>>> print(open('work-v3.txt').read())   # compact mmCIF, C-alpha atoms (C1' of nucleotides)
# COMPACT_ATOMS: atom_id res chain seq x y z
CA MET A 1 81.91 131.76 89.05
CA LYS A 2 79.83 128.99 90.52
CA LYS A 3 81.69 126.04 91.93
CA LEU A 4 80.91 122.36 92.05
CA VAL A 5 82.21 119.83 94.53
CA CYS A 6 83.93 116.90 92.81
CA ILE A 7 84.88 113.87 94.87
CA VAL A 8 87.51 111.81 93.10
CA GLY A 9 89.85 108.95 93.97
CA SER A 10 90.79 105.53 92.72
CA THR A 11 88.56 102.50 92.55
CA GLY A 12 87.85 101.28 96.03
CA SER A 13 88.84 104.52 97.75
CA GLY A 14 85.36 104.90 99.24
CA LYS A 15 84.10 107.73 97.04
CA THR A 16 80.53 106.47 96.79
CA ALA A 17 79.85 106.34 100.52
CA VAL A 18 81.64 109.61 101.24
CA GLY A 19 79.87 111.27 98.34
CA ILE A 20 76.51 110.42 99.84
CA ASP A 21 77.40 111.93 103.21
CA VAL A 22 78.74 115.06 101.58
CA ALA A 23 75.68 115.40 99.34
CA LEU A 24 73.35 115.00 102.32
CA ALA A 25 75.20 117.71 104.22
CA LEU A 26 74.96 120.07 101.25
CA GLY A 27 71.39 119.17 100.33
CA ALA A 28 72.69 118.09 96.95
CA GLU A 29 72.07 115.34 94.44
CA ILE A 30 74.84 113.23 92.98
CA LEU A 31 76.13 113.11 89.45
CA SER A 32 78.16 109.99 88.79
CA ILE A 33 81.29 110.69 86.73
CA ASP A 34 82.05 107.13 85.81
CA SER A 35 82.60 105.83 82.31
CA ARG A 36 81.30 102.38 83.16
CA GLN A 37 78.53 102.91 85.70
CA LEU A 38 76.71 104.81 83.00
CA TYR A 39 75.95 101.63 81.07
CA ARG A 40 72.61 100.00 81.63
CA ASP A 41 72.60 96.60 83.36
CA PHE A 42 76.29 96.68 84.22
CA ILE A 43 75.46 97.03 87.87
CA ILE A 44 77.32 94.80 90.29
CA GLY A 45 80.68 94.76 88.53
CA THR A 46 80.84 98.51 88.00
CA ALA A 47 79.83 99.16 91.60
CA GLN A 48 76.81 101.22 90.75
CA PRO A 49 75.09 102.82 93.74
CA THR A 50 72.70 100.39 95.40
CA ALA A 51 68.99 100.94 95.83
CA ALA A 52 69.61 101.81 99.47
CA GLU A 53 72.20 104.40 98.47
CA GLN A 54 69.95 105.89 95.83
CA ALA A 55 67.17 106.13 98.41
CA GLN A 56 69.42 108.38 100.50
CA VAL A 57 70.47 110.64 97.65
CA PRO A 58 69.30 110.55 94.02
CA HIS A 59 72.11 109.63 91.62
CA HIS A 60 72.24 110.74 88.00
CA LEU A 61 73.96 109.45 84.87
CA THR A 62 74.16 105.86 86.06
CA ASN A 63 72.58 102.81 84.45
CA PHE A 64 71.08 104.72 81.53
CA HIS A 65 72.96 103.94 78.33
CA ASP A 66 73.04 100.87 76.10
CA ALA A 67 76.57 99.44 76.03
CA ARG A 68 76.21 98.41 72.40
CA GLU A 69 76.33 102.12 71.57
CA PRO A 70 79.52 103.27 73.26
CA MET A 71 79.56 106.57 75.11
CA THR A 72 82.19 109.19 74.39
CA ALA A 73 83.72 111.82 76.63
CA GLY A 74 82.18 114.59 74.54
CA THR A 75 78.65 113.23 74.68
CA PHE A 76 78.93 112.54 78.36
CA ALA A 77 80.12 116.06 79.05
CA LYS A 78 77.09 117.49 77.29
CA LEU A 79 74.72 115.29 79.27
CA ALA A 80 76.46 116.16 82.51
CA ARG A 81 76.40 119.90 81.87
CA ASP A 82 72.72 119.79 81.00
CA LYS A 83 71.91 117.76 84.08
CA ILE A 84 73.85 120.09 86.38
CA LYS A 85 72.00 123.12 85.04
CA GLU A 86 68.66 121.36 85.15
CA LEU A 87 69.13 120.37 88.80
CA LEU A 88 70.22 123.86 89.73
CA GLN A 89 67.12 125.32 88.13
CA SER A 90 65.02 123.18 90.42
CA GLY A 91 67.07 124.46 93.34
CA LYS A 92 69.34 121.44 93.75
CA PRO A 93 73.10 121.75 93.94
CA THR A 94 75.13 118.89 92.48
CA VAL A 95 78.02 116.90 93.87
CA LEU A 96 80.08 115.07 91.27
CA VAL A 97 81.41 111.69 92.34
CA GLY A 98 83.55 109.37 90.27
CA GLY A 99 86.96 108.40 89.02
CA SER A 100 86.95 109.05 85.27
CA GLY A 101 89.51 111.80 84.88
CA LEU A 102 88.96 112.62 81.22
CA TYR A 103 85.24 113.00 81.79
CA TYR A 104 85.85 115.70 84.38
CA ARG A 105 88.16 117.45 81.98
CA ALA A 106 85.58 117.21 79.20
CA ILE A 107 82.94 118.73 81.48
CA PHE A 108 84.90 121.59 83.01
CA ASP A 109 87.77 122.43 80.65
CA GLY A 110 85.92 121.24 77.58
CA LEU A 111 87.41 119.34 74.70
CA PHE A 112 88.71 121.04 71.58
CA GLN A 113 85.84 122.08 69.35
CA GLY A 114 86.32 119.67 66.52
CA PRO A 115 84.28 117.06 64.70
CA PRO A 116 82.70 114.15 66.53
CA ILE A 117 83.79 110.58 65.86
CA ASP A 118 83.24 108.96 62.46
CA PRO A 119 82.59 105.24 62.94
CA GLU A 120 82.92 104.37 59.24
CA TYR A 121 86.30 106.03 58.88
CA ARG A 122 87.47 104.35 62.07
CA GLU A 123 86.54 100.97 60.69
CA LYS A 124 88.58 101.55 57.55
CA LEU A 125 91.50 102.80 59.59
CA ARG A 126 91.38 99.74 61.81
CA ASP A 127 91.67 97.49 58.77
CA ARG A 128 94.66 99.43 57.56
CA ALA A 129 96.28 99.24 60.97
CA GLU A 130 95.93 95.49 60.92
CA GLN A 131 97.41 95.25 57.45
CA SER A 132 100.35 97.61 57.63
CA GLY A 133 100.79 98.16 61.35
CA VAL A 134 100.18 101.10 63.64
CA PRO A 135 103.56 102.84 63.14
CA ALA A 136 102.76 103.16 59.43
CA LEU A 137 99.73 105.25 60.35
CA HIS A 138 101.90 107.30 62.65
CA LEU A 139 104.17 108.05 59.71
CA GLU A 140 101.14 109.16 57.77
CA LEU A 141 100.12 111.40 60.63
CA GLN A 142 103.59 112.94 60.58
CA GLN A 143 102.90 114.01 57.02
CA VAL A 144 99.58 115.71 57.71
CA ASP A 145 100.11 116.97 61.25
CA PRO A 146 103.72 116.84 62.48
CA VAL A 147 102.91 118.85 65.61
CA ILE A 148 100.48 116.23 66.87
CA ALA A 149 102.54 113.30 65.62
CA GLU A 150 105.38 114.55 67.80
CA LYS A 151 103.21 114.20 70.89
CA ILE A 152 101.84 110.77 70.10
CA GLN A 153 103.80 107.52 70.47
CA PRO A 154 104.12 105.50 67.22
CA ASN A 155 102.13 102.64 68.73
CA ASP A 156 99.39 104.66 70.36
CA TYR A 157 96.68 103.59 67.99
CA ILE A 158 93.75 105.31 69.68
CA ARG A 159 95.33 108.75 69.54
CA ILE A 160 96.67 108.30 66.04
CA GLU A 161 93.21 107.25 64.93
CA ARG A 162 91.59 110.31 66.46
CA ALA A 163 94.14 112.69 64.93
CA LEU A 164 93.78 111.19 61.46
CA GLU A 165 90.02 111.10 61.83
CA VAL A 166 89.86 114.79 62.69
CA PHE A 167 91.93 115.64 59.65
CA HIS A 168 89.89 113.36 57.44
CA THR A 169 86.45 114.56 58.46
CA SER A 170 87.17 118.28 58.91
CA GLY A 171 90.09 118.88 56.57
CA LYS A 172 91.74 120.68 59.45
CA ARG A 173 94.63 119.50 61.58
CA LEU A 174 94.02 118.49 65.16
CA SER A 175 96.82 120.84 66.18
CA ASP A 176 94.92 123.72 64.55
CA TRP A 177 91.74 122.78 66.36
CA TRP A 178 93.68 122.88 69.59
CA GLN A 179 94.79 126.42 68.84
CA ASN A 180 91.19 127.52 68.93
CA GLY A 181 90.80 126.48 72.53
CA THR A 182 87.95 124.67 74.21
CA ASP A 183 84.42 125.40 75.29
CA ARG A 184 84.83 125.87 79.01
CA PHE A 185 81.95 125.21 81.35
CA GLU A 186 80.36 128.06 83.28
CA PHE A 187 81.04 126.19 86.52
CA GLU A 188 84.37 125.52 88.15
CA PRO A 189 85.38 122.30 89.90
CA ILE A 190 86.52 121.96 93.49
CA TYR A 191 88.44 118.71 93.20
CA VAL A 192 88.84 116.65 96.35
CA CYS A 193 90.74 113.37 96.06
CA LEU A 194 90.54 110.59 98.64
CA ARG A 195 94.00 109.12 99.01
CA ARG A 196 94.84 105.85 100.72
CA GLU A 197 98.05 103.89 101.22
CA ARG A 198 98.70 101.55 98.33
CA SER A 199 98.46 98.47 100.59
CA ASP A 200 95.08 99.68 101.80
CA VAL A 201 93.83 100.11 98.23
CA VAL A 202 95.08 96.62 97.34
CA ARG A 203 93.27 95.16 100.34
CA ARG A 204 90.04 96.99 99.63
CA ILE A 205 90.04 95.98 95.97
CA ALA A 206 90.41 92.31 96.91
CA GLN A 207 87.63 92.66 99.44
CA ARG A 208 85.39 94.38 96.95
CA THR A 209 85.98 91.78 94.22
CA ALA A 210 85.11 88.98 96.63
CA ILE A 211 81.90 90.71 97.65
CA MET A 212 80.87 91.41 94.06
CA LEU A 213 81.41 87.77 93.12
CA ARG A 214 79.42 86.65 96.13
CA GLU A 215 76.58 89.00 95.27
CA GLY A 216 75.87 87.68 91.83
CA TRP A 217 78.36 89.27 89.47
CA ILE A 218 78.78 86.02 87.55
CA ASP A 219 75.02 85.79 86.96
CA GLU A 220 75.00 89.38 85.83
CA VAL A 221 77.66 88.60 83.23
CA ARG A 222 75.84 85.47 82.14
CA GLN A 223 72.69 87.48 81.53
CA LEU A 224 74.56 90.20 79.65
CA LEU A 225 76.18 87.58 77.42
CA GLU A 226 72.80 86.02 76.72
CA ALA A 227 71.41 89.45 75.88
CA GLY A 228 74.14 89.96 73.29
CA TYR A 229 76.57 92.21 75.13
CA GLY A 230 79.59 89.95 74.62
CA ASP A 231 81.11 92.20 71.95
CA ALA A 232 80.59 95.31 74.04
CA ILE A 233 82.31 93.68 77.00
CA GLU A 234 85.35 92.85 74.90
CA ARG A 235 85.46 96.14 73.02
CA GLU A 236 85.04 98.37 76.06
CA LYS A 237 87.21 96.09 78.16
CA PHE A 238 85.00 96.16 81.20
CA HIS A 239 87.13 95.06 84.14
CA GLY A 240 86.08 91.73 85.46
CA TYR A 241 83.32 91.21 82.92
CA ARG A 242 85.90 89.97 80.43
CA GLU A 243 87.53 87.72 82.99
CA ILE A 244 84.20 86.29 84.07
CA ALA A 245 83.23 85.73 80.44
CA ALA A 246 86.46 83.75 80.05
CA TYR A 247 85.57 81.82 83.19
CA LEU A 248 82.17 80.99 81.73
CA ARG A 249 83.96 79.66 78.64
CA ASN A 250 86.02 77.47 81.01
CA GLU A 251 89.24 79.27 80.13
CA LEU A 252 89.95 80.31 83.70
CA SER A 253 89.35 78.74 87.09
CA LEU A 254 87.36 80.72 89.61
CA ALA A 255 90.49 81.48 91.61
CA GLU A 256 92.35 82.65 88.51
CA THR A 257 89.38 84.78 87.53
CA GLU A 258 89.31 86.50 90.89
CA GLU A 259 93.06 87.10 90.82
CA ARG A 260 92.95 88.50 87.28
CA ILE A 261 90.14 90.85 88.26
CA ASN A 262 92.16 92.11 91.21
CA ILE A 263 95.19 92.70 89.00
CA VAL A 264 93.40 94.71 86.31
CA THR A 265 91.55 96.69 88.96
CA ARG A 266 94.77 97.53 90.81
CA GLN A 267 96.44 98.61 87.59
CA TYR A 268 93.51 100.85 86.85
CA ALA A 269 93.60 102.36 90.33
CA LYS A 270 97.24 103.19 89.76
CA ARG A 271 96.52 104.99 86.49
CA GLN A 272 93.71 106.93 88.11
CA MET A 273 96.01 108.18 90.84
CA THR A 274 98.65 109.17 88.29
CA TRP A 275 96.03 111.31 86.61
CA PHE A 276 94.71 112.94 89.81
CA ARG A 277 98.19 113.49 91.22
CA HIS A 278 98.83 115.82 88.32
CA THR A 279 95.46 117.54 88.29
CA GLU A 280 95.84 121.23 88.97
CA GLY A 281 94.25 122.57 92.14
CA MET A 282 93.63 119.15 93.66
CA HIS A 283 92.68 119.06 97.35
CA TRP A 284 93.91 115.93 99.11
CA VAL A 285 92.20 114.02 101.87
CA ASP A 286 94.42 111.29 103.29
CA VAL A 287 92.40 108.39 104.53
CA THR A 288 93.45 105.54 106.82
CA PRO A 289 91.72 102.17 107.21
CA ASP A 290 90.32 103.27 110.57
CA ASP A 291 88.58 106.42 109.33
CA SER A 292 84.79 106.22 109.30
CA THR A 293 82.88 107.40 106.25
CA ASN A 294 81.38 110.18 108.32
CA LYS A 295 84.78 111.40 109.48
CA ILE A 296 86.09 111.44 105.92
CA ALA A 297 83.02 113.33 104.76
CA GLN A 298 83.56 115.90 107.53
CA ARG A 299 87.07 116.50 106.28
CA VAL A 300 85.84 116.91 102.74
CA LEU A 301 83.29 119.43 103.96
CA GLN A 302 85.94 121.37 105.87
CA ILE A 303 87.80 121.87 102.63
CA VAL A 304 84.80 122.54 100.47
CA GLN A 305 82.48 124.69 102.56
CA PRO A 306 84.75 127.74 102.94
CA ILE A 307 85.23 127.80 99.18
CA LEU A 308 81.51 127.51 98.53
CA SER A 309 80.59 130.28 100.97
CA ALA A 310 83.34 132.60 99.72
CA LYS A 311 81.67 132.29 96.36
CA SER A 312 78.24 133.27 97.69
CA LEU A 313 79.67 136.45 99.23
CA THR A 314 80.90 137.68 95.90
CA SER A 315 78.11 136.54 93.64
C1' G B 1 116.83 53.28 100.81
C1' C B 2 118.17 53.31 95.40
C1' C B 3 117.63 55.62 90.43
C1' G B 4 116.26 59.73 87.29
C1' C B 5 114.85 64.83 86.58
C1' U B 6 115.07 69.58 88.82
C1' U B 7 116.69 74.30 91.79
C1' U B 8 118.32 81.37 87.88
C1' A B 9 113.89 88.12 89.26
C1' G B 10 107.68 88.34 93.11
C1' C B 11 105.72 84.07 89.43
C1' U B 12 106.59 80.80 84.94
C1' C B 13 110.92 79.88 82.66
C1' A B 14 115.46 80.99 78.65
C1' G B 15 120.74 81.09 79.16
C1' U B 16 125.09 78.91 72.95
C1' U B 17 132.03 76.13 72.84
C1' G B 18 133.18 78.66 80.67
C1' G B 19 133.87 85.60 79.96
C1' U B 20 129.64 87.91 86.95
C1' A B 21 122.63 87.06 83.45
C1' G B 22 117.50 87.76 80.25
C1' A B 23 111.98 87.02 78.35
C1' G B 24 106.74 87.01 79.43
C1' C B 25 103.60 88.19 83.40
C1' A B 26 103.52 90.91 88.00
C1' A B 27 105.52 95.38 90.36
C1' C B 28 107.06 100.54 90.10
C1' G B 29 107.13 105.56 87.55
C1' G B 30 105.04 108.56 83.57
C1' A B 31 101.83 110.41 79.52
C1' C B 32 96.80 111.41 78.58
C1' U B 33 92.17 117.11 74.34
C1' G B 34 85.46 112.85 71.77
C1' A B 35 87.18 104.34 73.12
C1' A B 36 89.62 106.80 79.36
C1' A B 37 87.81 100.58 83.45
C1' A B 38 90.66 102.83 76.97
C1' U B 39 95.58 103.52 74.80
C1' C B 40 100.70 104.21 75.03
C1' C B 41 105.86 105.10 77.02
C1' G B 42 109.84 104.11 80.57
C1' U B 43 112.38 101.15 84.74
C1' G B 44 115.49 94.97 86.36
C1' U B 45 114.09 94.88 91.47
C1' G B 46 119.08 88.74 91.28
C1' U B 47 123.78 85.26 97.49
C1' C B 48 122.11 82.10 89.49
C1' C B 49 120.09 76.49 96.38
C1' C B 50 124.74 75.79 99.70
C1' C B 51 130.02 74.28 100.37
C1' A B 52 134.53 72.96 98.25
C1' G B 53 137.52 72.01 93.79
C1' U B 54 139.44 72.84 88.56
C1' U B 55 140.46 77.52 85.85
C1' C B 56 143.22 83.93 84.52
C1' A B 57 137.76 83.47 84.64
C1' A B 58 132.15 79.06 86.89
C1' G B 59 124.90 80.15 86.28
C1' U B 60 127.73 76.89 82.91
C1' C B 61 132.79 71.79 84.40
C1' U B 62 133.97 68.18 88.92
C1' G B 63 132.91 66.34 94.00
C1' G B 64 129.92 66.69 98.33
C1' G B 65 125.45 68.50 100.80
C1' A B 66 120.22 70.40 100.97
C1' G B 67 115.16 71.22 98.92
C1' G B 68 111.33 69.83 95.18
C1' C B 69 109.12 66.33 91.57
C1' G B 70 108.73 61.44 89.51
C1' G B 71 109.92 56.13 89.36
C1' C B 72 111.52 51.54 91.81
C1' A B 73 111.53 49.48 96.44
>>> encode(input="work-v3.txt", output="structure tokens")
Amino acid sequence: MKKLVCIVGSTGSGKTAVGIDVALALGAEILSIDSRQLYRDFIIGTAQPTAAEQAQVPHHLTNFHDAREPMTAGTFAKLARDKIKELLQSGKPTVLVGGSGLYYRAIFDGLFQGPPIDPEYREKLRDRAEQSGVPALHLELQQVDPVIAEKIQPNDYIRIERALEVFHTSGKRLSDWWQNGTDRFEFEPIYVCLRRERSDVVRRIAQRTAIMLREGWIDEVRQLLEAGYGDAIEREKFHGYREIAAYLRNELSLAETEERINIVTRQYAKRQMTWFRHTEGMHWVDVTPDDSTNKIAQRVLQIVQPILSAKSLTS
RNA sequence: GCCGCUUUAGCUCAGUUGGUAGAGCAACGGACUGAAAAUCCGUGUGUCCCCAGUUCAAGUCUGGGAGGCGGCA
């Protein structure tokens, strides 16, 4: 089975720079696996690759989708699979770089093969949740699908919504869909996670926030708000964009805004590492503040190249 | 210098008639099957400013001291 290099890690771990070096060494192009960089015009605050970086290696699946039409893991996985195959047909291997754990799972393991989302039903459900509370919907889920209800917390609205939605639109329980398995991809991931000390991550996040603010993030948000993306920013909870929008409404000082951004970013980094820590088959690359990008990339290649060449011997 | 208020978790603060403390945020750990930068679950991490006194028992009452804030000088 063909294998694909996947460089993962938390926000601010240095994935982007390392990914470029690795892609150059492998003669590959980069597929961004990032649930926020994919949105058009959300550039500075989502740390999209810069023009200089894109000049070194072409990046795909960034800056292409209108945020007023939210992306889903399933749709993204389809796009990613198509792009990987398309690149390969033109003789280009792909390196996947990004920190969105579920998106990797959707690409490689596949999601269960059930119905897509139903926006109208979701709207109705949301109204009901506001009226009678989320646990009431959980009770309802217990009636239709006790197996799934058991696995979902009574307050976990998003999962309850999905489970009820699946039952509503397909007439089949989510737990039954799960029984049928998933549509696995024909490629297999080689996951490599960049891991830094917590204090290093905290420092780098603060540094990164300061740089983004200096480089025009606030103007970017102002323009997005003027272009009518305010609702999308709130709904999708874009880190920093919400805080800056609050700042522009004079609800936060600049210092408070920066601190809030650092906090939500740190919390996210923590959740990302919890996910990757429990990802099967993960290869770890421990990184210290002194390591150069090139050195880190070399270590990634040391892990990845033997696996890639073992594959070519057998295929 | 005098008067008043104040000092409890990393931060902001609750704490009944005395029975060795708790909430929000932060932090830490976890889950994650089409919103994933989402969503949810779990954990208290403490010389209750210090010293002495009263009391079976003091965060709580009394006296003294120290820090902070405000007012009058």
>>> closest_residue(input="work-v3.txt", among="A:Arg222, A:Arg184, A:Arg204, A:Arg266", to="Ile244 (chain A)", atoms="only C-alpha atoms")
A:Arg222
>>> atom_distance(input="work-v3.txt", atom1="CA of Val95 (chain A)", atom2="CA of Val5 (chain A)")
5.2 Å
>>> residues_around(input="work-v3.txt", residues="His60 (chain A)", least_positions_apart="2", cutoff="12 Å", atoms="all atoms listed in the file", output="JSON, numbers by chain")
{"A": [28, 29, 30, 31, 32, 33, 34, 37, 38, 48, 49, 54, 57, 58, 62, 63, 64, 65, 76, 79, 80, 81, 82, 83, 84, 86, 87, 94, 95, 96, 97, 98]}
>>> closest_atom_pairs(input="work-v3.txt", of="chain B", to="chain A", cutoff="12 Å", atoms="all atoms listed in the file", output="CSV")
residue,atom,partner,partner_atom,distance
B:C25,C1',A:Ile263,CA,11.1
B:A26,C1',A:Ile263,CA,8.6
B:A27,C1',A:Gln267,CA,10.0
B:C28,C1',A:Lys270,CA,10.2
B:G29,C1',A:Thr274,CA,9.2
B:G30,C1',A:Thr274,CA,8.0
B:A31,C1',A:Trp275,CA,9.2
B:C32,C1',A:Trp275,CA,8.1
B:U33,C1',A:Leu111,CA,5.3
B:G34,C1',A:Gly74,CA,4.6
B:A35,C1',A:Glu236,CA,7.0
B:A36,C1',A:Leu102,CA,6.1
B:A37,C1',A:His239,CA,5.6
B:A38,C1',A:Glu236,CA,7.2
B:U39,C1',A:Ile158,CA,5.7
B:C40,C1',A:Asp156,CA,4.9
B:C41,C1',A:Gln153,CA,7.3
>>> axis_aligned_box(input="work-v3.txt", around="region 183-192 of chain A", padding_each_side="5 Å", output="AutoDock Vina command-line options")
--center_x 84.6 --center_y 122.4 --center_z 85.8 --size_x 18.5 --size_y 21.4 --size_z 31.1
>>> residues_around(input="work-v3.txt", residues="Ala47 (chain A)", least_positions_apart="2", cutoff="10 Å", atoms="all atoms listed in the file", output="short mmCIF file (atom, residue, chain, number, x, y, z; two decimals) with C-alpha atoms, in the frame of the given file")
data_model
loop_
_atom_site.label_atom_id
_atom_site.label_comp_id
_atom_site.auth_asym_id
_atom_site.auth_seq_id
_atom_site.Cartn_x
_atom_site.Cartn_y
_atom_site.Cartn_z
CA THR A 11 88.56 102.50 92.55
CA GLY A 12 87.85 101.28 96.03
CA THR A 16 80.53 106.47 96.79
CA ARG A 36 81.30 102.38 83.16
CA GLN A 37 78.53 102.91 85.70
CA PHE A 42 76.29 96.68 84.22
CA ILE A 43 75.46 97.03 87.87
CA ILE A 44 77.32 94.80 90.29
CA GLY A 45 80.68 94.76 88.53
CA PRO A 49 75.09 102.82 93.74
CA THR A 50 72.70 100.39 95.40
CA ARG A 208 85.39 94.38 96.95
CA THR A 209 85.98 91.78 94.22
CA MET A 212 80.87 91.41 94.06
#
>>> atom_distance(input="work-v3.txt", atom1="CA of Asp286 (chain A)", atom2="CA of Leu26 (chain A)")
21.4 Å
>>> atom_distance(input="work-v3.txt", atom1="CA of Pro135 (chain A)", atom2="CA of Ser175 (chain A)")
19.5 Å
>>> closest_residue(input="work-v3.txt", among="A:Ala23, A:Leu254, A:Cys6, A:Ile205", to="Phe276 (chain A)", atoms="only C-alpha atoms")
A:Cys6
>>> closest_residue(input="work-v3.txt", among="A:Ile107, A:Leu164, A:Ile148, A:Leu24", to="Arg122 (chain A)", atoms="only C-alpha atoms")
A:Leu164
>>> residues_around(input="work-v3.txt", residues="U47 (chain B)", least_positions_apart="2", cutoff="12 Å", atoms="all atoms listed in the file", output="number ranges by chain")
B: 8, 49-50
>>> write_last_selection(input="work-v3.txt", atoms="C-alpha atoms (C1' of nucleotides)", output="compact mmCIF listing (two decimals), in the coordinates of the input")
# COMPACT_ATOMS: atom_id res chain seq x y z
C1' U B 8 118.32 81.37 87.88
C1' C B 49 120.09 76.49 96.38
C1' C B 50 124.74 75.79 99.70
>>> closest_residue(input="work-v3.txt", among="B:G70, B:U62, B:A9, B:G18", to="G44 (chain B)", atoms="all atoms listed in the file")
B:A9
>>> build_atoms(input="work-v3.txt", residues="region 131-146 of chain A", atoms="N, CA and C atoms", output="short mmCIF file (atom, residue, chain, number, x, y, z; two decimals), keeping the file's coordinate frame")
data_model
loop_
_atom_site.label_atom_id
_atom_site.label_comp_id
_atom_site.auth_asym_id
_atom_site.auth_seq_id
_atom_site.Cartn_x
_atom_site.Cartn_y
_atom_site.Cartn_z
N GLN A 131 96.61 95.64 58.61
CA GLN A 131 97.41 95.25 57.45
C GLN A 131 98.85 95.74 57.54
N SER A 132 99.00 97.06 57.74
CA SER A 132 100.35 97.61 57.63
C SER A 132 100.95 98.04 58.96
N GLY A 133 100.22 97.85 60.05
CA GLY A 133 100.79 98.16 61.35
C GLY A 133 100.51 99.59 61.79
N VAL A 134 100.51 99.79 63.08
CA VAL A 134 100.18 101.10 63.64
C VAL A 134 101.25 102.15 63.32
N PRO A 135 102.55 101.82 63.42
CA PRO A 135 103.56 102.84 63.14
C PRO A 135 103.45 103.43 61.73
N ALA A 136 102.94 102.63 60.78
CA ALA A 136 102.76 103.16 59.43
C ALA A 136 101.75 104.31 59.44
N LEU A 137 100.71 104.17 60.25
CA LEU A 137 99.73 105.25 60.35
C LEU A 137 100.32 106.47 61.05
N HIS A 138 101.23 106.20 61.98
CA HIS A 138 101.90 107.30 62.65
C HIS A 138 102.75 108.10 61.66
N LEU A 139 103.40 107.38 60.76
CA LEU A 139 104.17 108.05 59.71
C LEU A 139 103.27 108.93 58.85
N GLU A 140 102.10 108.40 58.55
CA GLU A 140 101.14 109.16 57.77
C GLU A 140 100.70 110.42 58.53
N LEU A 141 100.51 110.26 59.81
CA LEU A 141 100.12 111.40 60.63
C LEU A 141 101.22 112.46 60.64
N GLN A 142 102.46 112.00 60.64
CA GLN A 142 103.59 112.94 60.58
C GLN A 142 103.51 113.83 59.35
N GLN A 143 103.03 113.24 58.25
CA GLN A 143 102.90 114.01 57.02
C GLN A 143 101.83 115.09 57.16
N VAL A 144 100.67 114.74 57.68
CA VAL A 144 99.58 115.71 57.71
C VAL A 144 99.64 116.64 58.91
N ASP A 145 100.12 116.14 60.04
CA ASP A 145 100.11 116.97 61.25
C ASP A 145 101.32 116.66 62.13
N PRO A 146 102.50 117.17 61.74
CA PRO A 146 103.72 116.84 62.48
C PRO A 146 103.68 117.28 63.94
#
